[in-house]
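Since the structure comes first, as structure tokens, the remarks are kept for the end.
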Amino acid sequence: MANAKAGVHGGAAGAGQGPAAHPRGARQELTGVVTSARMQKTIVVKVTRTVQHPLYQRVVRKSKKYYAHDETGEARAGDTVCIVSTRPLSKLKRWRLKEVIAQTARHTA
């Protein structure tokens, strides 16, 4: 029984296969506006998309809020950013900041 199990799950035959054997798919990317950057290393990004209403055929804007990891703290509220999917980092964070696309005017006072 132990040999049959090892054969099914790879066992010795599967040894030697590195990460190249199972390449990752392309990570999901979203673009949105930062609504909050008050947490440590976390930003809240509002992503707006347009969908057609199933009954009335009118184009409707729908928005969703994503919590994203910002390691360096470079994003500020109002910035347009690109976020990519990643492994779960906390209860709510499954996204990570890829780049800041456009910055809002900074007040230097």
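Identifiers for the structure tokens are assigned positionally: chains receive A, B, ... in sequence, residues are indexed from 1 per chain, and ligands are indexed from 1 in the order shown.
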
Which polymer residues have any atom within 7 Å of an atom of region 88-104 of chain A, counting only C-alpha atoms, with same-chain residues fewer than 5 positions away left out, as a JSON list (two decimals) with N, CA and C atoms, in the first residue's frame?
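Saved file around_17.json follows:
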[["chain", "number", "residue", "atom", "x", "y", "z"],
["A", 67, "TYR", "N", -7.61, 45.36, -0.26],
["A", 67, "TYR", "CA", -6.51, 45.69, 0.65],
["A", 67, "TYR", "C", -5.23, 45.16, 0.01],
["A", 68, "ALA", "N", -4.23, 46.02, -0.11],
["A", 68, "ALA", "CA", -2.98, 45.63, -0.77],
["A", 68, "ALA", "C", -1.79, 45.95, 0.12],
["A", 69, "HIS", "N", -0.73, 45.16, -0.03],
["A", 69, "HIS", "CA", 0.49, 45.32, 0.75],
["A", 69, "HIS", "C", 1.40, 46.34, 0.07],
["A", 70, "ASP", "N", 1.81, 47.36, 0.82],
["A", 70, "ASP", "CA", 2.71, 48.40, 0.32],
["A", 70, "ASP", "C", 3.92, 48.42, 1.24],
["A", 75, "ALA", "N", 2.75, 54.70, -1.78],
["A", 75, "ALA", "CA", 1.45, 55.13, -2.29],
["A", 75, "ALA", "C", 0.75, 56.04, -1.28],
["A", 78, "GLY", "N", -5.37, 58.92, -3.21],
["A", 78, "GLY", "CA", -5.61, 59.61, -4.47],
["A", 78, "GLY", "C", -4.73, 59.14, -5.61],
["A", 79, "ASP", "N", -3.66, 58.41, -5.31],
["A", 79, "ASP", "CA", -2.77, 57.91, -6.36],
["A", 79, "ASP", "C", -3.46, 56.81, -7.16],
["A", 80, "THR", "N", -3.12, 56.72, -8.45],
["A", 80, "THR", "CA", -3.56, 55.61, -9.28],
["A", 80, "THR", "C", -2.46, 54.56, -9.24],
["A", 81, "VAL", "N", -2.82, 53.32, -8.88],
["A", 81, "VAL", "CA", -1.82, 52.28, -8.69],
["A", 81, "VAL", "C", -2.21, 51.00, -9.41],
["A", 82, "CYS", "N", -1.22, 50.15, -9.60],
["A", 82, "CYS", "CA", -1.43, 48.83, -10.17],
["A", 82, "CYS", "C", -1.11, 47.82, -9.06],
["A", 83, "ILE", "N", -2.03, 46.88, -8.82],
["A", 83, "ILE", "CA", -1.81, 45.86, -7.80],
["A", 83, "ILE", "C", -1.86, 44.48, -8.46]]

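Using only C-alpha atoms, the contacts of Val44 (chain A) at a cut-off of 8 Å, with sequence neighbours closer than 4 positions omitted, comprise Val34, Thr35, Ser36, Ala37, Lys65, Tyr66, Tyr67 and Ala68 of chain A.
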
>> Could you tell me how far CA of Thr48 (chain A) sits from CA of Leu30 (chain A), in Å to one decimal place?
In response: 9.6 Å

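Picture a line from CA of Thr50 (chain A) to CA of Ala26 (chain A); it runs 23.0 Å.
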
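For the set A:His53, A:Glu71, A:Ser85, A:Arg61, the residue with the smallest atom-to-atom gap to Lys41 (chain A) is A:Glu71, counting only C-alpha atoms.
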